[in-house]
Amino acid sequence: MKKELSEQKFAWIIILPALLIVFGIVVYPLVRTFIYTFQDMNLSLGGTGEFIGLANYATILGDEYFWKTVGRTAYFSLVSIALELILGITIALLLNENFRGKSFLIAIIIVPWAVPNIVSSSMWKWIYHPEYGALNALLMQLSIIDEYKSWLGTPLQAMNMVIIADVWKMTPLVVIFMLSALKLTNKSVYEASVVDGAGLLKRFFHITLPYLKPMILVIVVMRTMETFKVFDLIYVLTRGGPANGTMVLGYQAYTEVFENLNYSSGATYSYLIALLIVLLTVAYIKVLKRKET
């Protein structure tokens with residue numbers, strides 16, 4: 001008994017530093033931020049931390065600007081994920097074949113995903129530069145445009161350019177997932193379909209796609225959570241502009257806290273983002289269970 005007790009004490013002594021770190025870095029900030037959502041912590045207006053209940057949630061949810069921000073975030077998420085899936089599946093199907101230089105090509109494709117987000121964002125900011133950007137120079141040499149353009153100059157175009165940067169970076173992740181799923185497919189089924197005279201498109205939609213559906217669902221929910229939290233790409237490229245055309249939820253939460261000094265609003269935005277992610281995760285689980293039954 002004494003030996004077991006000493007072992008338990010030793011185990012607690014070992015894990016106690018880790019528990020303290022987790023509590024200090026993760027748990028306490030989460031709890032403190034949650035408390036801010038029920039207080040008046042708008043320092044720019046002299047907030048005193050007074051308890052105001054659900055007023056912050058009511059104000060934000062009743063604000064038309066919030067729902068426009070949700071719409072921009074949803075657009076960014078939907079278009080980015082759709083393009084990443086299309087490109088990822090196409091590239092994975094190509095890499096699933098045996099050809100010379102395949103390993104080298106896989107290594108090259110993974111490089112964008114390995115680049116840190118802030119470095120990737122800075123690179124794209126240079127590419128899109130209206131005066132000496134690489135994109136303008138390339139299109140001028142190809143005679144596609146006759147003058148330099150400001151690619152981040154209008155709201156919709158700026159959002160689409162941000163999406164291209166996100167797709168470039170995250171498509172390799174989709175390729176890796178899809179390629180691993182393709183490796184688990186039953187090749188005998190493909191061989192039988194070829195013997196039966198099934199064409200390329202028919203084999204893809206009736207054999208390949210059903211194999212990939214579980215992995216597609218995983219990618220969709222994972223990337224949806226990431227795109228709803230996007231910050232660094234927006235921060236480096238557009239700072240939410242022009243005319244708030246790229247203002248998404250993650251950057252709006254940052255703006256409320258660090259620019260407007262409205263801690264309550266920023267905290268409320270953060271927890272609303274978390275709530276949306278939870279709802280999306282629940283929807284994913286229901287879809288996955290429905291596929292399994």
# chains A, B, ... in the order shown; residues from 1 in each chain; ligands from 1
call {"tool": "residues_around", "arguments": {"residues": "Lys149 of chain A", "least_positions_apart": "2", "cutoff": "12 Å", "atoms": "only C-alpha atoms", "output": "PyMOL selection string"}}
result
chain A and resi 127-140+144-147+151-154+157-158
call {"tool": "select_by_dssp", "arguments": {"residues": "segment 77-189 of chain A", "states": "alpha helix (DSSP H)", "output": "PDB file with N, CA and C atoms, in the first residue's frame"}}
result
ATOM      1  N   SER A  77     -14.044  30.491 -46.800  1.00  0.00           N
ATOM      2  CA  SER A  77     -13.960  29.080 -46.441  1.00  0.00           C
ATOM      3  C   SER A  77     -14.445  28.186 -47.572  1.00  0.00           C
ATOM      4  N   LEU A  78     -15.618  28.494 -48.126  1.00  0.00           N
ATOM      5  CA  LEU A  78     -16.233  27.647 -49.160  1.00  0.00           C
ATOM      6  C   LEU A  78     -15.379  27.583 -50.419  1.00  0.00           C
ATOM      7  N   VAL A  79     -14.955  28.747 -50.927  1.00  0.00           N
ATOM      8  CA  VAL A  79     -14.185  28.777 -52.179  1.00  0.00           C
ATOM      9  C   VAL A  79     -12.809  28.144 -51.978  1.00  0.00           C
ATOM     10  N   SER A  80     -12.155  28.443 -50.862  1.00  0.00           N
ATOM     11  CA  SER A  80     -10.828  27.875 -50.601  1.00  0.00           C
ATOM     12  C   SER A  80     -10.888  26.361 -50.528  1.00  0.00           C
ATOM     13  N   ILE A  81     -11.832  25.824 -49.760  1.00  0.00           N
ATOM     14  CA  ILE A  81     -11.925  24.377 -49.578  1.00  0.00           C
ATOM     15  C   ILE A  81     -12.297  23.692 -50.887  1.00  0.00           C
ATOM     16  N   ALA A  82     -13.206  24.300 -51.651  1.00  0.00           N
ATOM     17  CA  ALA A  82     -13.603  23.706 -52.931  1.00  0.00           C
ATOM     18  C   ALA A  82     -12.416  23.602 -53.889  1.00  0.00           C
ATOM     19  N   LEU A  83     -11.655  24.687 -54.015  1.00  0.00           N
ATOM     20  CA  LEU A  83     -10.490  24.675 -54.906  1.00  0.00           C
ATOM     21  C   LEU A  83      -9.416  23.707 -54.410  1.00  0.00           C
ATOM     22  N   GLU A  84      -9.214  23.667 -53.097  1.00  0.00           N
ATOM     23  CA  GLU A  84      -8.208  22.761 -52.538  1.00  0.00           C
ATOM     24  C   GLU A  84      -8.582  21.305 -52.776  1.00  0.00           C
ATOM     25  N   LEU A  85      -9.878  20.995 -52.661  1.00  0.00           N
ATOM     26  CA  LEU A  85     -10.322  19.616 -52.901  1.00  0.00           C
ATOM     27  C   LEU A  85     -10.163  19.232 -54.372  1.00  0.00           C
ATOM     28  N   ILE A  86     -10.569  20.126 -55.263  1.00  0.00           N
ATOM     29  CA  ILE A  86     -10.466  19.830 -56.696  1.00  0.00           C
ATOM     30  C   ILE A  86      -9.011  19.631 -57.106  1.00  0.00           C
ATOM     31  N   LEU A  87      -8.160  20.565 -56.717  1.00  0.00           N
ATOM     32  CA  LEU A  87      -6.740  20.454 -57.065  1.00  0.00           C
ATOM     33  C   LEU A  87      -6.084  19.285 -56.334  1.00  0.00           C
ATOM     34  N   GLY A  88      -6.424  19.109 -55.057  1.00  0.00           N
ATOM     35  CA  GLY A  88      -5.814  18.049 -54.269  1.00  0.00           C
ATOM     36  C   GLY A  88      -6.129  16.666 -54.798  1.00  0.00           C
ATOM     37  N   ILE A  89      -7.393  16.438 -55.141  1.00  0.00           N
ATOM     38  CA  ILE A  89      -7.790  15.131 -55.684  1.00  0.00           C
ATOM     39  C   ILE A  89      -7.140  14.896 -57.039  1.00  0.00           C
ATOM     40  N   THR A  90      -7.117  15.923 -57.885  1.00  0.00           N
ATOM     41  CA  THR A  90      -6.512  15.781 -59.215  1.00  0.00           C
ATOM     42  C   THR A  90      -5.029  15.437 -59.118  1.00  0.00           C
ATOM     43  N   ILE A  91      -4.302  16.175 -58.279  1.00  0.00           N
ATOM     44  CA  ILE A  91      -2.864  15.920 -58.129  1.00  0.00           C
ATOM     45  C   ILE A  91      -2.619  14.558 -57.490  1.00  0.00           C
ATOM     46  N   ALA A  92      -3.448  14.185 -56.512  1.00  0.00           N
ATOM     47  CA  ALA A  92      -3.288  12.881 -55.859  1.00  0.00           C
ATOM     48  C   ALA A  92      -3.521  11.734 -56.841  1.00  0.00           C
ATOM     49  N   LEU A  93      -4.495  11.876 -57.725  1.00  0.00           N
ATOM     50  CA  LEU A  93      -4.736  10.845 -58.737  1.00  0.00           C
ATOM     51  C   LEU A  93      -3.534  10.707 -59.669  1.00  0.00           C
ATOM     52  N   LEU A  94      -2.921  11.847 -59.987  1.00  0.00           N
ATOM     53  CA  LEU A  94      -1.725  11.810 -60.830  1.00  0.00           C
ATOM     54  C   LEU A  94      -0.570  11.125 -60.115  1.00  0.00           C
ATOM     55  N   LEU A  95      -0.369  11.480 -58.849  1.00  0.00           N
ATOM     56  CA  LEU A  95       0.745  10.915 -58.087  1.00  0.00           C
ATOM     57  C   LEU A  95       0.504   9.459 -57.704  1.00  0.00           C
ATOM     58  N   LYS A 102       8.581  10.534 -59.701  1.00  0.00           N
ATOM     59  CA  LYS A 102       7.412  10.693 -58.836  1.00  0.00           C
ATOM     60  C   LYS A 102       7.807  11.180 -57.439  1.00  0.00           C
ATOM     61  N   SER A 103       8.835  10.598 -56.857  1.00  0.00           N
ATOM     62  CA  SER A 103       9.264  10.978 -55.506  1.00  0.00           C
ATOM     63  C   SER A 103       9.717  12.433 -55.451  1.00  0.00           C
ATOM     64  N   PHE A 104      10.442  12.858 -56.480  1.00  0.00           N
ATOM     65  CA  PHE A 104      10.903  14.251 -56.534  1.00  0.00           C
ATOM     66  C   PHE A 104       9.709  15.195 -56.641  1.00  0.00           C
ATOM     67  N   LEU A 105       8.723  14.817 -57.450  1.00  0.00           N
ATOM     68  CA  LEU A 105       7.538  15.660 -57.625  1.00  0.00           C
ATOM     69  C   LEU A 105       6.754  15.784 -56.317  1.00  0.00           C
ATOM     70  N   ILE A 106       6.641  14.698 -55.569  1.00  0.00           N
ATOM     71  CA  ILE A 106       5.947  14.732 -54.281  1.00  0.00           C
ATOM     72  C   ILE A 106       6.667  15.680 -53.319  1.00  0.00           C
ATOM     73  N   ALA A 107       7.994  15.612 -53.303  1.00  0.00           N
ATOM     74  CA  ALA A 107       8.778  16.492 -52.429  1.00  0.00           C
ATOM     75  C   ALA A 107       8.570  17.956 -52.784  1.00  0.00           C
ATOM     76  N   ILE A 108       8.499  18.262 -54.081  1.00  0.00           N
ATOM     77  CA  ILE A 108       8.299  19.643 -54.525  1.00  0.00           C
ATOM     78  C   ILE A 108       6.903  20.131 -54.133  1.00  0.00           C
ATOM     79  N   ILE A 109       5.906  19.275 -54.277  1.00  0.00           N
ATOM     80  CA  ILE A 109       4.528  19.659 -53.979  1.00  0.00           C
ATOM     81  C   ILE A 109       4.342  19.964 -52.500  1.00  0.00           C
ATOM     82  N   ILE A 110       5.061  19.271 -51.627  1.00  0.00           N
ATOM     83  CA  ILE A 110       4.912  19.445 -50.186  1.00  0.00           C
ATOM     84  C   ILE A 110       5.529  20.761 -49.691  1.00  0.00           C
ATOM     85  N   VAL A 111       6.452  21.326 -50.471  1.00  0.00           N
ATOM     86  CA  VAL A 111       7.189  22.523 -50.040  1.00  0.00           C
ATOM     87  C   VAL A 111       6.271  23.670 -49.605  1.00  0.00           C
ATOM     88  N   PRO A 112       5.223  24.050 -50.369  1.00  0.00           N
ATOM     89  CA  PRO A 112       4.377  25.174 -49.925  1.00  0.00           C
ATOM     90  C   PRO A 112       3.770  24.967 -48.543  1.00  0.00           C
ATOM     91  N   TRP A 113       3.376  23.735 -48.253  1.00  0.00           N
ATOM     92  CA  TRP A 113       2.778  23.458 -46.948  1.00  0.00           C
ATOM     93  C   TRP A 113       3.814  23.575 -45.829  1.00  0.00           C
ATOM     94  N   ALA A 114       5.075  23.299 -46.149  1.00  0.00           N
ATOM     95  CA  ALA A 114       6.129  23.352 -45.140  1.00  0.00           C
ATOM     96  C   ALA A 114       6.573  24.780 -44.830  1.00  0.00           C
ATOM     97  N   ASN A 117       3.500  30.122 -42.172  1.00  0.00           N
ATOM     98  CA  ASN A 117       2.395  30.960 -42.652  1.00  0.00           C
ATOM     99  C   ASN A 117       2.816  32.410 -42.880  1.00  0.00           C
ATOM    100  N   ILE A 118       3.567  32.957 -41.946  1.00  0.00           N
ATOM    101  CA  ILE A 118       3.945  34.366 -42.058  1.00  0.00           C
ATOM    102  C   ILE A 118       4.900  34.585 -43.223  1.00  0.00           C
ATOM    103  N   VAL A 119       5.762  33.603 -43.494  1.00  0.00           N
ATOM    104  CA  VAL A 119       6.678  33.700 -44.633  1.00  0.00           C
ATOM    105  C   VAL A 119       5.903  33.593 -45.938  1.00  0.00           C
ATOM    106  N   SER A 120       4.987  32.634 -45.989  1.00  0.00           N
ATOM    107  CA  SER A 120       4.154  32.464 -47.181  1.00  0.00           C
ATOM    108  C   SER A 120       3.333  33.714 -47.462  1.00  0.00           C
ATOM    109  N   SER A 121       2.745  34.299 -46.431  1.00  0.00           N
ATOM    110  CA  SER A 121       1.926  35.500 -46.602  1.00  0.00           C
ATOM    111  C   SER A 121       2.769  36.678 -47.098  1.00  0.00           C
ATOM    112  N   SER A 122       3.966  36.827 -46.552  1.00  0.00           N
ATOM    113  CA  SER A 122       4.860  37.910 -46.987  1.00  0.00           C
ATOM    114  C   SER A 122       5.277  37.728 -48.444  1.00  0.00           C
ATOM    115  N   MET A 123       5.503  36.489 -48.840  1.00  0.00           N
ATOM    116  CA  MET A 123       5.871  36.200 -50.219  1.00  0.00           C
ATOM    117  C   MET A 123       4.746  36.605 -51.175  1.00  0.00           C
ATOM    118  N   TRP A 124       3.512  36.265 -50.818  1.00  0.00           N
ATOM    119  CA  TRP A 124       2.378  36.609 -51.672  1.00  0.00           C
ATOM    120  C   TRP A 124       2.124  38.118 -51.695  1.00  0.00           C
ATOM    121  N   LYS A 125       2.428  38.793 -50.606  1.00  0.00           N
ATOM    122  CA  LYS A 125       2.294  40.252 -50.603  1.00  0.00           C
ATOM    123  C   LYS A 125       3.260  40.873 -51.603  1.00  0.00           C
ATOM    124  N   TRP A 126       4.462  40.314 -51.702  1.00  0.00           N
ATOM    125  CA  TRP A 126       5.429  40.787 -52.698  1.00  0.00           C
ATOM    126  C   TRP A 126       4.962  40.435 -54.113  1.00  0.00           C
ATOM    127  N   ILE A 127       4.410  39.250 -54.291  1.00  0.00           N
ATOM    128  CA  ILE A 127       3.921  38.836 -55.613  1.00  0.00           C
ATOM    129  C   ILE A 127       2.804  39.762 -56.104  1.00  0.00           C
ATOM    130  N   ALA A 134       5.716  40.310 -58.758  1.00  0.00           N
ATOM    131  CA  ALA A 134       6.062  39.294 -59.743  1.00  0.00           C
ATOM    132  C   ALA A 134       4.871  38.936 -60.632  1.00  0.00           C
ATOM    133  N   LEU A 135       3.661  38.992 -60.085  1.00  0.00           N
ATOM    134  CA  LEU A 135       2.480  38.627 -60.878  1.00  0.00           C
ATOM    135  C   LEU A 135       2.268  39.604 -62.019  1.00  0.00           C
ATOM    136  N   ASN A 136       2.367  40.893 -61.737  1.00  0.00           N
ATOM    137  CA  ASN A 136       2.232  41.892 -62.800  1.00  0.00           C
ATOM    138  C   ASN A 136       3.317  41.730 -63.857  1.00  0.00           C
ATOM    139  N   ALA A 137       4.543  41.504 -63.414  1.00  0.00           N
ATOM    140  CA  ALA A 137       5.651  41.352 -64.363  1.00  0.00           C
ATOM    141  C   ALA A 137       5.443  40.138 -65.266  1.00  0.00           C
ATOM    142  N   LEU A 138       5.002  39.028 -64.697  1.00  0.00           N
ATOM    143  CA  LEU A 138       4.779  37.815 -65.483  1.00  0.00           C
ATOM    144  C   LEU A 138       3.664  38.011 -66.495  1.00  0.00           C
ATOM    145  N   LEU A 139       2.551  38.588 -66.062  1.00  0.00           N
ATOM    146  CA  LEU A 139       1.415  38.781 -66.973  1.00  0.00           C
ATOM    147  C   LEU A 139       1.733  39.804 -68.061  1.00  0.00           C
ATOM    148  N   MET A 140       2.574  40.786 -67.747  1.00  0.00           N
ATOM    149  CA  MET A 140       2.995  41.745 -68.768  1.00  0.00           C
ATOM    150  C   MET A 140       3.862  41.073 -69.815  1.00  0.00           C
ATOM    151  N   GLN A 141       4.771  40.217 -69.387  1.00  0.00           N
ATOM    152  CA  GLN A 141       5.638  39.501 -70.325  1.00  0.00           C
ATOM    153  C   GLN A 141       4.845  38.559 -71.222  1.00  0.00           C
ATOM    154  N   PRO A 155     -12.478  45.177 -53.086  1.00  0.00           N
ATOM    155  CA  PRO A 155     -12.852  44.181 -52.073  1.00  0.00           C
ATOM    156  C   PRO A 155     -12.929  42.747 -52.580  1.00  0.00           C
ATOM    157  N   LEU A 156     -13.710  42.499 -53.631  1.00  0.00           N
ATOM    158  CA  LEU A 156     -13.889  41.130 -54.111  1.00  0.00           C
ATOM    159  C   LEU A 156     -12.602  40.561 -54.685  1.00  0.00           C
ATOM    160  N   GLN A 157     -11.890  41.375 -55.449  1.00  0.00           N
ATOM    161  CA  GLN A 157     -10.634  40.898 -56.036  1.00  0.00           C
ATOM    162  C   GLN A 157      -9.602  40.612 -54.954  1.00  0.00           C
ATOM    163  N   ALA A 158      -9.550  41.454 -53.936  1.00  0.00           N
ATOM    164  CA  ALA A 158      -8.618  41.228 -52.828  1.00  0.00           C
ATOM    165  C   ALA A 158      -8.933  39.908 -52.125  1.00  0.00           C
ATOM    166  N   MET A 159     -10.214  39.643 -51.884  1.00  0.00           N
ATOM    167  CA  MET A 159     -10.598  38.385 -51.242  1.00  0.00           C
ATOM    168  C   MET A 159     -10.196  37.192 -52.103  1.00  0.00           C
ATOM    169  N   ASN A 160     -10.407  37.285 -53.399  1.00  0.00           N
ATOM    170  CA  ASN A 160     -10.036  36.185 -54.300  1.00  0.00           C
ATOM    171  C   ASN A 160      -8.522  35.975 -54.336  1.00  0.00           C
ATOM    172  N   MET A 161      -7.764  37.055 -54.263  1.00  0.00           N
ATOM    173  CA  MET A 161      -6.311  36.926 -54.234  1.00  0.00           C
ATOM    174  C   MET A 161      -5.836  36.268 -52.939  1.00  0.00           C
ATOM    175  N   VAL A 162      -6.492  36.598 -51.836  1.00  0.00           N
ATOM    176  CA  VAL A 162      -6.173  35.955 -50.553  1.00  0.00           C
ATOM    177  C   VAL A 162      -6.496  34.469 -50.633  1.00  0.00           C
ATOM    178  N   ILE A 163      -7.607  34.139 -51.272  1.00  0.00           N
ATOM    179  CA  ILE A 163      -7.992  32.728 -51.439  1.00  0.00           C
ATOM    180  C   ILE A 163      -6.941  31.974 -52.240  1.00  0.00           C
ATOM    181  N   ILE A 164      -6.419  32.587 -53.304  1.00  0.00           N
ATOM    182  CA  ILE A 164      -5.383  31.937 -54.117  1.00  0.00           C
ATOM    183  C   ILE A 164      -4.157  31.639 -53.263  1.00  0.00           C
ATOM    184  N   ALA A 165      -3.763  32.597 -52.426  1.00  0.00           N
ATOM    185  CA  ALA A 165      -2.608  32.384 -51.546  1.00  0.00           C
ATOM    186  C   ALA A 165      -2.870  31.236 -50.576  1.00  0.00           C
ATOM    187  N   ASP A 166      -4.077  31.158 -50.045  1.00  0.00           N
ATOM    188  CA  ASP A 166      -4.425  30.083 -49.112  1.00  0.00           C
ATOM    189  C   ASP A 166      -4.450  28.730 -49.821  1.00  0.00           C
ATOM    190  N   VAL A 167      -5.001  28.705 -51.026  1.00  0.00           N
ATOM    191  CA  VAL A 167      -5.068  27.455 -51.794  1.00  0.00           C
ATOM    192  C   VAL A 167      -3.673  26.957 -52.129  1.00  0.00           C
ATOM    193  N   TRP A 168      -2.787  27.864 -52.501  1.00  0.00           N
ATOM    194  CA  TRP A 168      -1.403  27.471 -52.827  1.00  0.00           C
ATOM    195  C   TRP A 168      -0.734  26.793 -51.647  1.00  0.00           C
ATOM    196  N   LYS A 169      -0.980  27.310 -50.453  1.00  0.00           N
ATOM    197  CA  LYS A 169      -0.307  26.763 -49.278  1.00  0.00           C
ATOM    198  C   LYS A 169      -0.926  25.460 -48.787  1.00  0.00           C
ATOM    199  N   MET A 170      -2.258  25.342 -48.827  1.00  0.00           N
ATOM    200  CA  MET A 170      -2.919  24.221 -48.171  1.00  0.00           C
ATOM    201  C   MET A 170      -3.262  23.058 -49.094  1.00  0.00           C
ATOM    202  N   THR A 171      -3.192  23.255 -50.405  1.00  0.00           N
ATOM    203  CA  THR A 171      -3.474  22.142 -51.321  1.00  0.00           C
ATOM    204  C   THR A 171      -2.549  20.947 -51.091  1.00  0.00           C
ATOM    205  N   PRO A 172      -1.246  21.133 -50.825  1.00  0.00           N
ATOM    206  CA  PRO A 172      -0.387  19.970 -50.549  1.00  0.00           C
ATOM    207  C   PRO A 172      -0.882  19.100 -49.395  1.00  0.00           C
ATOM    208  N   LEU A 173      -1.491  19.700 -48.387  1.00  0.00           N
ATOM    209  CA  LEU A 173      -2.039  18.919 -47.280  1.00  0.00           C
ATOM    210  C   LEU A 173      -3.162  18.012 -47.777  1.00  0.00           C
ATOM    211  N   VAL A 174      -4.023  18.557 -48.639  1.00  0.00           N
ATOM    212  CA  VAL A 174      -5.109  17.760 -49.216  1.00  0.00           C
ATOM    213  C   VAL A 174      -4.544  16.639 -50.072  1.00  0.00           C
ATOM    214  N   VAL A 175      -3.484  16.933 -50.821  1.00  0.00           N
ATOM    215  CA  VAL A 175      -2.845  15.914 -51.660  1.00  0.00           C
ATOM    216  C   VAL A 175      -2.341  14.750 -50.802  1.00  0.00           C
ATOM    217  N   ILE A 176      -1.705  15.061 -49.684  1.00  0.00           N
ATOM    218  CA  ILE A 176      -1.173  14.017 -48.802  1.00  0.00           C
ATOM    219  C   ILE A 176      -2.300  13.125 -48.282  1.00  0.00           C
ATOM    220  N   PHE A 177      -3.386  13.754 -47.818  1.00  0.00           N
ATOM    221  CA  PHE A 177      -4.516  12.983 -47.293  1.00  0.00           C
ATOM    222  C   PHE A 177      -5.145  12.119 -48.382  1.00  0.00           C
ATOM    223  N   MET A 178      -5.355  12.696 -49.550  1.00  0.00           N
ATOM    224  CA  MET A 178      -6.001  11.958 -50.633  1.00  0.00           C
ATOM    225  C   MET A 178      -5.117  10.831 -51.156  1.00  0.00           C
ATOM    226  N   LEU A 179      -3.835  11.094 -51.221  1.00  0.00           N
ATOM    227  CA  LEU A 179      -2.913  10.063 -51.701  1.00  0.00           C
ATOM    228  C   LEU A 179      -2.885   8.879 -50.741  1.00  0.00           C
ATOM    229  N   SER A 180      -2.934   9.158 -49.446  1.00  0.00           N
ATOM    230  CA  SER A 180      -2.975   8.071 -48.468  1.00  0.00           C
ATOM    231  C   SER A 180      -4.271   7.278 -48.579  1.00  0.00           C
ATOM    232  N   ALA A 181      -5.381   7.956 -48.889  1.00  0.00           N
ATOM    233  CA  ALA A 181      -6.657   7.259 -49.059  1.00  0.00           C
ATOM    234  C   ALA A 181      -6.649   6.407 -50.326  1.00  0.00           C
ATOM    235  N   LEU A 182      -6.037   6.913 -51.388  1.00  0.00           N
ATOM    236  CA  LEU A 182      -5.965   6.153 -52.637  1.00  0.00           C
ATOM    237  C   LEU A 182      -5.125   4.898 -52.490  1.00  0.00           C
ATOM    238  N   LYS A 183      -4.121   4.947 -51.625  1.00  0.00           N
ATOM    239  CA  LYS A 183      -3.270   3.776 -51.408  1.00  0.00           C
ATOM    240  C   LYS A 183      -4.029   2.624 -50.757  1.00  0.00           C
ATOM    241  N   LYS A 187      -7.395  -2.406 -55.572  1.00  0.00           N
ATOM    242  CA  LYS A 187      -7.020  -2.334 -56.985  1.00  0.00           C
ATOM    243  C   LYS A 187      -7.726  -3.377 -57.836  1.00  0.00           C
ATOM    244  N   SER A 188      -8.129  -4.487 -57.226  1.00  0.00           N
ATOM    245  CA  SER A 188      -8.819  -5.533 -57.993  1.00  0.00           C
ATOM    246  C   SER A 188     -10.161  -5.033 -58.528  1.00  0.00           C
ATOM    247  N   VAL A 189     -10.789  -4.115 -57.783  1.00  0.00           N
ATOM    248  CA  VAL A 189     -12.055  -3.544 -58.245  1.00  0.00           C
ATOM    249  C   VAL A 189     -11.834  -2.709 -59.491  1.00  0.00           C
TER     250      VAL A 189
END
call {"tool": "atom_distance", "arguments": {"atom1": "atom CA of Leu217 of chain A", "atom2": "atom CA of Tyr284 of chain A"}}
result
7.2 Å
call {"tool": "residues_around", "arguments": {"residues": "Ala253 of chain A", "least_positions_apart": "6", "cutoff": "8 Å", "atoms": "only C-alpha atoms", "output": "PDB file with C-alpha atoms, in the first residue's frame"}}
result
ATOM      1  CA  SER A 265     -16.311  42.534 -27.964  1.00  0.00           C
ATOM      2  CA  GLY A 266     -13.113  40.719 -28.987  1.00  0.00           C
ATOM      3  CA  ALA A 267     -13.738  37.978 -26.429  1.00  0.00           C
ATOM      4  CA  TYR A 269     -16.213  37.344 -31.216  1.00  0.00           C
ATOM      5  CA  SER A 270     -13.730  34.644 -30.204  1.00  0.00           C
TER       6      SER A 270
END
